Protein chains: 2
Amino acid sequence: MADEVKLYRTWSSPFGLRIVWALHIKGIEYDTIFEDLSNKSPELLQYNPVHKKIPILVHKGKPICESLVILEYIDETWKEVPLLPQDPYQKAMARFWAKFGEDKLLPSVWSVFSGKGVEEKKEALVPAVQNLQHLEEQLKDNKFFGGEKIGYLDIEFGWLPYLLDVFEEVIDLKLFDAAKFPLLSAWMKNFNNHPAIKPHYPPRDKLVTKFQLLHEKYQTGN
Amino acid sequence: MADEVKLYRTWSSPFGLRIVWALHIKGIEYDTIFEDLSNKSPELLQYNPVHKKIPILVHKGKPICESLVILEYIDETWKEVPLLPQDPYQKAMARFWAKFGEDKLLPSVWSVFSGKGVEEKKEALVPAVQNLQHLEEQLKDNKFFGGEKIGYLDIEFGWLPYLLDVFEEVIDLKLFDAAKFPLLSAWMKNFNNHPAIKPHYPPRDKLVTKFQLLHEKYQTGN
C-alpha cells in the first residue's frame, strides 16, 4: 500500500498539512517526501511543471496538484469516511466557503502578518475580522463545519488553529479575540483535539522561528 | 419546471454565460434575471451577501454562487449529459486546469487588456502567451478539452472564444496568433459552432462598446 501513495510537501506548509490531515482522517497509508523549496527536486518539477509548488499527491504514479483539488480526489478515490457532504447543495456550500477561505480569508489574514508596521497591520485587521465573522456564522452550534464529524471545510480552514497564534506571537498583535468568536474558538479546540490533526503539527518553536525570519523580511522589505 | 431554476446574471458577464451554456448543454429550463451591477437588486444582495456578485443560480429557492461551484452543482444535480469526467483522476485534472484558468490565465490576459499604453500591454503579453501555450498542450487532438463532447473545461475557458477578438479590436493589438495555437484556434471554432454556445452571445457591437468604455477608463486611470 505505502508505495502507492506519496505526498510531496514541506515541513511547515499548511497546504501540505491539509493532505496529511485528510489521509490520516481516512486512514490511508502513504510516504512523505519533504521538499526544500529553495532547492526543488527533479520530481517536484516533473510532477508540477506549471506551478512548481507543493503539495503534490502521487497515486499509482500519477500526480495531482493544488490542495483543494487533491482533497476532492482523495474523497472520491477512498470513499470511506467522507470529507465532503453527499448532498449536492451542501457540497456546493462547502465549495463556496472553501473558495472564500482561499480567495478572501487567507489573503486578508496574511495582509495583517505581512503589513509594514503596526498601523498598516491594524488597518488590514478590519477586513480580516469581517471575514472571520463570516466563518463564525457558518458554525452554528456544530462541533465541526460539516456537523459532528471533521471534514473538508475543517481541513480547509485548518491553517487558522495551526498558525493564528504563531502569527500573533511573531507580530505581537492580537489577531483573534476568542470572546468575539466563541464558536470559532471552540471549533479550533475541537480541531486540535482530533487525533488526525495536531500530532502532525511541526514543533512550535521551529514554526515561530520560520515566521519570525519571514516577518523581518516583510518589515524591512528585503 | 421553469420556476424551479433562476439565473441571475448580467447581459455581458462571461461568468454568467458559463451557467447559460451549461444549462443549455444539459437542456435545463430556467428563467433569467438580468442584473444591473450599478444598481443591484435586493435579491442579489440577499442571495450573495458575501461577494454581492453574479452569477447566482437559485434552484428550488436555494441560491448557489461562484460560477465553478454552480457548474459542479448543475453537473451533480442533473446527471444526464455529464460536464465533468467521471474518473476521479480525470476529474482532478479538469479541476486543476479550471483553477489555472481562474488564477493564472484570466488575470494574465486581463493584464494585457488593462495595461496602460502599448509597452505595458506588450510586457503583459509574455505571461499571457505562456499560459495560452499550456492550454494548447492540453487539447492534444481532441475536439474539446474533455474529448469529443463539450464539457466543464470548455465552459471554463469559454471566455476566450467569447471575448479575445473583442479585446483585440478594442486594444488594437494581436493577443492571439492562430498560427502559434492551431489546436486552440480549432477548439474556439468548435466551441462557437456548438448549438448551446454562440446563440447566447450578446450582440458583438454592444460588447465592443462596453469594453471600449472600460478600456478608456484603464488608459486614463479614471
# chains A, B, ... in the order shown; residues from 1 in each chain; ligands from 1
>>> interface_residues(of="chain A", to="chain B", cutoff="8 Å", atoms="only C-alpha atoms", output="PDB file with N, CA and C atoms, in the first residue's frame")
ATOM      1  N   ILE A  64      -1.188  14.649  -8.624  1.00  0.00           N
ATOM      2  CA  ILE A  64      -2.309  15.585  -8.502  1.00  0.00           C
ATOM      3  C   ILE A  64      -1.791  16.784  -7.696  1.00  0.00           C
ATOM      4  N   CYS A  65      -2.080  17.997  -8.194  1.00  0.00           N
ATOM      5  CA  CYS A  65      -1.594  19.221  -7.553  1.00  0.00           C
ATOM      6  C   CYS A  65      -2.769  20.094  -7.124  1.00  0.00           C
ATOM      7  N   GLU A  66      -2.458  21.060  -6.285  1.00  0.00           N
ATOM      8  CA  GLU A  66      -3.422  22.017  -5.722  1.00  0.00           C
ATOM      9  C   GLU A  66      -4.182  21.351  -4.566  1.00  0.00           C
ATOM     10  N   VAL A  69      -7.927  20.511  -4.845  1.00  0.00           N
ATOM     11  CA  VAL A  69      -8.156  19.503  -5.882  1.00  0.00           C
ATOM     12  C   VAL A  69      -7.758  18.125  -5.343  1.00  0.00           C
ATOM     13  N   ILE A  70      -6.655  18.083  -4.609  1.00  0.00           N
ATOM     14  CA  ILE A  70      -6.208  16.813  -4.008  1.00  0.00           C
ATOM     15  C   ILE A  70      -7.240  16.302  -3.001  1.00  0.00           C
ATOM     16  N   GLU A  72     -10.463  16.752  -2.943  1.00  0.00           N
ATOM     17  CA  GLU A  72     -11.618  16.158  -3.645  1.00  0.00           C
ATOM     18  C   GLU A  72     -11.240  14.807  -4.256  1.00  0.00           C
ATOM     19  N   TYR A  73     -10.012  14.731  -4.787  1.00  0.00           N
ATOM     20  CA  TYR A  73      -9.551  13.458  -5.365  1.00  0.00           C
ATOM     21  C   TYR A  73      -9.520  12.370  -4.294  1.00  0.00           C
ATOM     22  N   GLU A  76     -12.980  11.221  -3.452  1.00  0.00           N
ATOM     23  CA  GLU A  76     -13.654  10.423  -4.483  1.00  0.00           C
ATOM     24  C   GLU A  76     -12.997   9.065  -4.693  1.00  0.00           C
ATOM     25  N   THR A  77     -11.720   8.951  -4.286  1.00  0.00           N
ATOM     26  CA  THR A  77     -10.991   7.710  -4.518  1.00  0.00           C
ATOM     27  C   THR A  77     -11.133   6.750  -3.338  1.00  0.00           C
ATOM     28  N   PRO A  88     -25.788  17.427  -3.074  1.00  0.00           N
ATOM     29  CA  PRO A  88     -25.182  18.414  -3.995  1.00  0.00           C
ATOM     30  C   PRO A  88     -25.247  19.857  -3.482  1.00  0.00           C
ATOM     31  N   TYR A  89     -26.326  20.233  -2.817  1.00  0.00           N
ATOM     32  CA  TYR A  89     -26.407  21.617  -2.340  1.00  0.00           C
ATOM     33  C   TYR A  89     -25.427  21.864  -1.188  1.00  0.00           C
ATOM     34  N   LYS A  91     -22.755  20.226  -0.668  1.00  0.00           N
ATOM     35  CA  LYS A  91     -21.429  20.145  -1.264  1.00  0.00           C
ATOM     36  C   LYS A  91     -21.071  21.485  -1.911  1.00  0.00           C
ATOM     37  N   ALA A  92     -22.044  22.092  -2.595  1.00  0.00           N
ATOM     38  CA  ALA A  92     -21.808  23.402  -3.220  1.00  0.00           C
ATOM     39  C   ALA A  92     -21.494  24.458  -2.160  1.00  0.00           C
ATOM     40  N   MET A  93     -22.202  24.375  -1.020  1.00  0.00           N
ATOM     41  CA  MET A  93     -21.935  25.342   0.057  1.00  0.00           C
ATOM     42  C   MET A  93     -20.506  25.159   0.589  1.00  0.00           C
ATOM     43  N   ARG A  95     -17.950  23.996  -1.034  1.00  0.00           N
ATOM     44  CA  ARG A  95     -17.008  24.514  -2.049  1.00  0.00           C
ATOM     45  C   ARG A  95     -17.013  26.038  -2.064  1.00  0.00           C
ATOM     46  N   PHE A  96     -18.187  26.632  -1.874  1.00  0.00           N
ATOM     47  CA  PHE A  96     -18.272  28.101  -1.837  1.00  0.00           C
ATOM     48  C   PHE A  96     -17.407  28.642  -0.698  1.00  0.00           C
TER      49      PHE A  96
END
>>> residues_around(residues="Tyr201 of chain A", least_positions_apart="6", cutoff="10 Å", atoms="only C-alpha atoms", output="MDAnalysis selection string")
chainID A and resid 11:14 17 20:21 162:163 192 207
>>> write_last_selection(atoms="N, CA, C and O atoms", output="short mmCIF file (atom, residue, chain, number, x, y, z; two decimals), in the first residue's frame")
data_model
loop_
_atom_site.label_atom_id
_atom_site.label_comp_id
_atom_site.auth_asym_id
_atom_site.auth_seq_id
_atom_site.Cartn_x
_atom_site.Cartn_y
_atom_site.Cartn_z
N TRP A 11 7.97 20.85 5.47
CA TRP A 11 7.71 20.52 6.87
C TRP A 11 6.68 21.46 7.50
O TRP A 11 6.04 21.10 8.48
N SER A 12 6.48 22.66 6.91
CA SER A 12 5.65 23.66 7.59
C SER A 12 4.41 24.10 6.82
O SER A 12 3.52 24.71 7.40
N SER A 13 4.32 23.82 5.54
CA SER A 13 3.22 24.38 4.74
C SER A 13 1.84 23.92 5.22
O SER A 13 1.58 22.71 5.32
N PRO A 14 0.94 24.86 5.48
CA PRO A 14 -0.43 24.48 5.86
C PRO A 14 -1.17 23.79 4.71
O PRO A 14 -2.10 23.01 4.96
N LEU A 17 -0.11 20.24 4.93
CA LEU A 17 -0.74 19.60 6.09
C LEU A 17 -2.19 19.23 5.81
O LEU A 17 -2.71 18.26 6.37
N VAL A 20 -2.02 15.81 4.64
CA VAL A 20 -1.67 14.93 5.77
C VAL A 20 -2.92 14.64 6.60
O VAL A 20 -3.24 13.49 6.91
N TRP A 21 -3.63 15.72 6.97
CA TRP A 21 -4.83 15.55 7.80
C TRP A 21 -5.86 14.65 7.12
O TRP A 21 -6.42 13.74 7.73
N TYR A 162 -3.78 26.14 13.29
CA TYR A 162 -2.37 25.78 13.14
C TYR A 162 -1.47 27.00 13.26
O TYR A 162 -0.40 26.93 13.89
N LEU A 163 -1.88 28.14 12.68
CA LEU A 163 -0.94 29.25 12.55
C LEU A 163 -1.32 30.55 13.26
O LEU A 163 -0.45 31.40 13.48
N ASN A 192 -8.02 20.89 17.01
CA ASN A 192 -6.72 20.49 17.58
C ASN A 192 -6.79 19.19 18.38
O ASN A 192 -5.81 18.46 18.47
N LEU A 207 8.41 26.65 14.04
CA LEU A 207 7.46 27.46 13.25
C LEU A 207 7.62 28.94 13.56
O LEU A 207 7.62 29.79 12.66
#
>>> atom_distance(atom1="atom CA of Glu120 of chain A", atom2="atom CA of Phe167 of chain A")
15.4 Å
>>> select_by_dssp(residues="segment 67-203 of chain A", states="helix (DSSP H, G or I)", output="ChimeraX atom specification")
/A:67-77,88-114,117-139,152-156,159-171,182-193,198-200
>>> residues_around(residues="Phe144 of chain B", least_positions_apart="5", cutoff="9 Å", atoms="only C-alpha atoms", output="list of chain:residue names")
B:Leu139, B:Lys149, B:Ile150, B:Gly151, B:Leu153, B:Asp154, B:Trp187, B:Asn190, B:Phe191
>>> residues_around(residues="Lys6 of chain A", least_positions_apart="6", cutoff="12 Å", atoms="only C-alpha atoms", output="count of residues only")
24
>>> closest_residue(among="A:Val170, A:Val126, A:Met188, A:Ala179", to="Lys143 of chain A", atoms="only C-alpha atoms")
A:Met188
>>> decode(residues="segment 67-147 of chain B", atoms="C-alpha atoms", output="PDB file, in the first residue's frame")
ATOM      1  CA  SER B  67     -19.548  30.077 -11.402  1.00  0.00           C
ATOM      2  CA  LEU B  68     -17.354  26.979 -10.995  1.00  0.00           C
ATOM      3  CA  VAL B  69     -19.256  25.941  -7.868  1.00  0.00           C
ATOM      4  CA  ILE B  70     -22.507  26.345  -9.802  1.00  0.00           C
ATOM      5  CA  LEU B  71     -21.173  24.220 -12.683  1.00  0.00           C
ATOM      6  CA  GLU B  72     -20.347  21.361 -10.319  1.00  0.00           C
ATOM      7  CA  TYR B  73     -23.762  21.715  -8.652  1.00  0.00           C
ATOM      8  CA  ILE B  74     -25.521  21.554 -12.027  1.00  0.00           C
ATOM      9  CA  ASP B  75     -23.472  18.505 -13.004  1.00  0.00           C
ATOM     10  CA  GLU B  76     -24.281  16.682  -9.770  1.00  0.00           C
ATOM     11  CA  THR B  77     -27.967  17.623  -9.757  1.00  0.00           C
ATOM     12  CA  TRP B  78     -28.819  16.929 -13.412  1.00  0.00           C
ATOM     13  CA  LYS B  79     -26.653  13.954 -14.222  1.00  0.00           C
ATOM     14  CA  GLU B  80     -27.636  13.452 -17.865  1.00  0.00           C
ATOM     15  CA  VAL B  81     -25.053  14.827 -20.329  1.00  0.00           C
ATOM     16  CA  PRO B  82     -22.166  14.982 -17.827  1.00  0.00           C
ATOM     17  CA  LEU B  83     -19.874  18.013 -17.945  1.00  0.00           C
ATOM     18  CA  LEU B  84     -17.058  16.676 -15.770  1.00  0.00           C
ATOM     19  CA  PRO B  85     -15.249  13.383 -16.387  1.00  0.00           C
ATOM     20  CA  GLN B  86     -16.435  10.505 -14.180  1.00  0.00           C
ATOM     21  CA  ASP B  87     -12.970   9.133 -13.381  1.00  0.00           C
ATOM     22  CA  PRO B  88     -11.574  10.761 -10.188  1.00  0.00           C
ATOM     23  CA  TYR B  89      -8.141  11.376 -11.742  1.00  0.00           C
ATOM     24  CA  GLN B  90      -9.532  12.923 -14.927  1.00  0.00           C
ATOM     25  CA  LYS B  91     -11.893  14.982 -12.758  1.00  0.00           C
ATOM     26  CA  ALA B  92      -8.942  16.205 -10.682  1.00  0.00           C
ATOM     27  CA  MET B  93      -7.134  17.208 -13.885  1.00  0.00           C
ATOM     28  CA  ALA B  94     -10.190  19.166 -15.050  1.00  0.00           C
ATOM     29  CA  ARG B  95     -10.381  20.969 -11.689  1.00  0.00           C
ATOM     30  CA  PHE B  96      -6.641  21.682 -11.777  1.00  0.00           C
ATOM     31  CA  TRP B  97      -6.891  23.330 -15.197  1.00  0.00           C
ATOM     32  CA  ALA B  98     -10.044  25.214 -14.242  1.00  0.00           C
ATOM     33  CA  LYS B  99      -8.176  26.683 -11.293  1.00  0.00           C
ATOM     34  CA  PHE B 100      -5.275  27.528 -13.595  1.00  0.00           C
ATOM     35  CA  GLY B 101      -7.768  29.319 -15.843  1.00  0.00           C
ATOM     36  CA  GLU B 102      -9.134  31.400 -12.987  1.00  0.00           C
ATOM     37  CA  ASP B 103      -5.895  32.106 -11.107  1.00  0.00           C
ATOM     38  CA  LYS B 104      -3.377  32.436 -13.932  1.00  0.00           C
ATOM     39  CA  LEU B 105      -4.737  32.594 -17.471  1.00  0.00           C
ATOM     40  CA  LEU B 106      -7.613  35.006 -16.968  1.00  0.00           C
ATOM     41  CA  PRO B 107      -5.671  37.580 -14.882  1.00  0.00           C
ATOM     42  CA  SER B 108      -2.752  37.416 -17.336  1.00  0.00           C
ATOM     43  CA  VAL B 109      -4.949  38.159 -20.350  1.00  0.00           C
ATOM     44  CA  TRP B 110      -6.773  40.832 -18.375  1.00  0.00           C
ATOM     45  CA  SER B 111      -3.397  42.493 -17.654  1.00  0.00           C
ATOM     46  CA  VAL B 112      -2.887  42.891 -21.394  1.00  0.00           C
ATOM     47  CA  PHE B 113      -6.325  44.464 -21.753  1.00  0.00           C
ATOM     48  CA  SER B 114      -5.957  46.766 -18.757  1.00  0.00           C
ATOM     49  CA  GLY B 115      -2.256  47.617 -19.238  1.00  0.00           C
ATOM     50  CA  LYS B 116      -1.564  51.316 -19.721  1.00  0.00           C
ATOM     51  CA  GLY B 117      -0.143  52.012 -23.161  1.00  0.00           C
ATOM     52  CA  VAL B 118       1.351  49.691 -25.776  1.00  0.00           C
ATOM     53  CA  GLU B 119       4.586  48.949 -23.890  1.00  0.00           C
ATOM     54  CA  GLU B 120       2.844  47.789 -20.718  1.00  0.00           C
ATOM     55  CA  LYS B 121       0.476  45.701 -22.808  1.00  0.00           C
ATOM     56  CA  LYS B 122       3.308  44.053 -24.743  1.00  0.00           C
ATOM     57  CA  GLU B 123       5.082  43.228 -21.497  1.00  0.00           C
ATOM     58  CA  ALA B 124       1.896  41.667 -20.109  1.00  0.00           C
ATOM     59  CA  LEU B 125       1.540  39.645 -23.298  1.00  0.00           C
ATOM     60  CA  VAL B 126       4.546  37.425 -22.443  1.00  0.00           C
ATOM     61  CA  PRO B 127       2.990  35.537 -19.485  1.00  0.00           C
ATOM     62  CA  ALA B 128      -0.425  35.538 -21.196  1.00  0.00           C
ATOM     63  CA  VAL B 129       1.029  33.748 -24.234  1.00  0.00           C
ATOM     64  CA  GLN B 130       2.870  31.284 -21.977  1.00  0.00           C
ATOM     65  CA  ASN B 131      -0.402  30.479 -20.244  1.00  0.00           C
ATOM     66  CA  LEU B 132      -2.212  30.007 -23.552  1.00  0.00           C
ATOM     67  CA  GLN B 133       0.575  27.598 -24.531  1.00  0.00           C
ATOM     68  CA  HIS B 134      -0.328  25.430 -21.515  1.00  0.00           C
ATOM     69  CA  LEU B 135      -3.902  25.195 -22.817  1.00  0.00           C
ATOM     70  CA  GLU B 136      -2.731  24.391 -26.334  1.00  0.00           C
ATOM     71  CA  GLU B 137      -0.829  21.399 -24.906  1.00  0.00           C
ATOM     72  CA  GLN B 138      -3.910  20.142 -23.083  1.00  0.00           C
ATOM     73  CA  LEU B 139      -6.031  19.858 -26.205  1.00  0.00           C
ATOM     74  CA  LYS B 140      -3.970  17.183 -27.949  1.00  0.00           C
ATOM     75  CA  ASP B 141      -6.032  16.153 -30.986  1.00  0.00           C
ATOM     76  CA  ASN B 142      -9.390  16.435 -29.296  1.00  0.00           C
ATOM     77  CA  LYS B 143     -12.343  18.470 -30.487  1.00  0.00           C
ATOM     78  CA  PHE B 144     -12.975  19.671 -26.926  1.00  0.00           C
ATOM     79  CA  PHE B 145     -10.874  19.683 -23.748  1.00  0.00           C
ATOM     80  CA  GLY B 146     -12.555  16.531 -22.448  1.00  0.00           C
ATOM     81  CA  GLY B 147     -12.591  14.676 -25.785  1.00  0.00           C
TER      82      GLY B 147
END
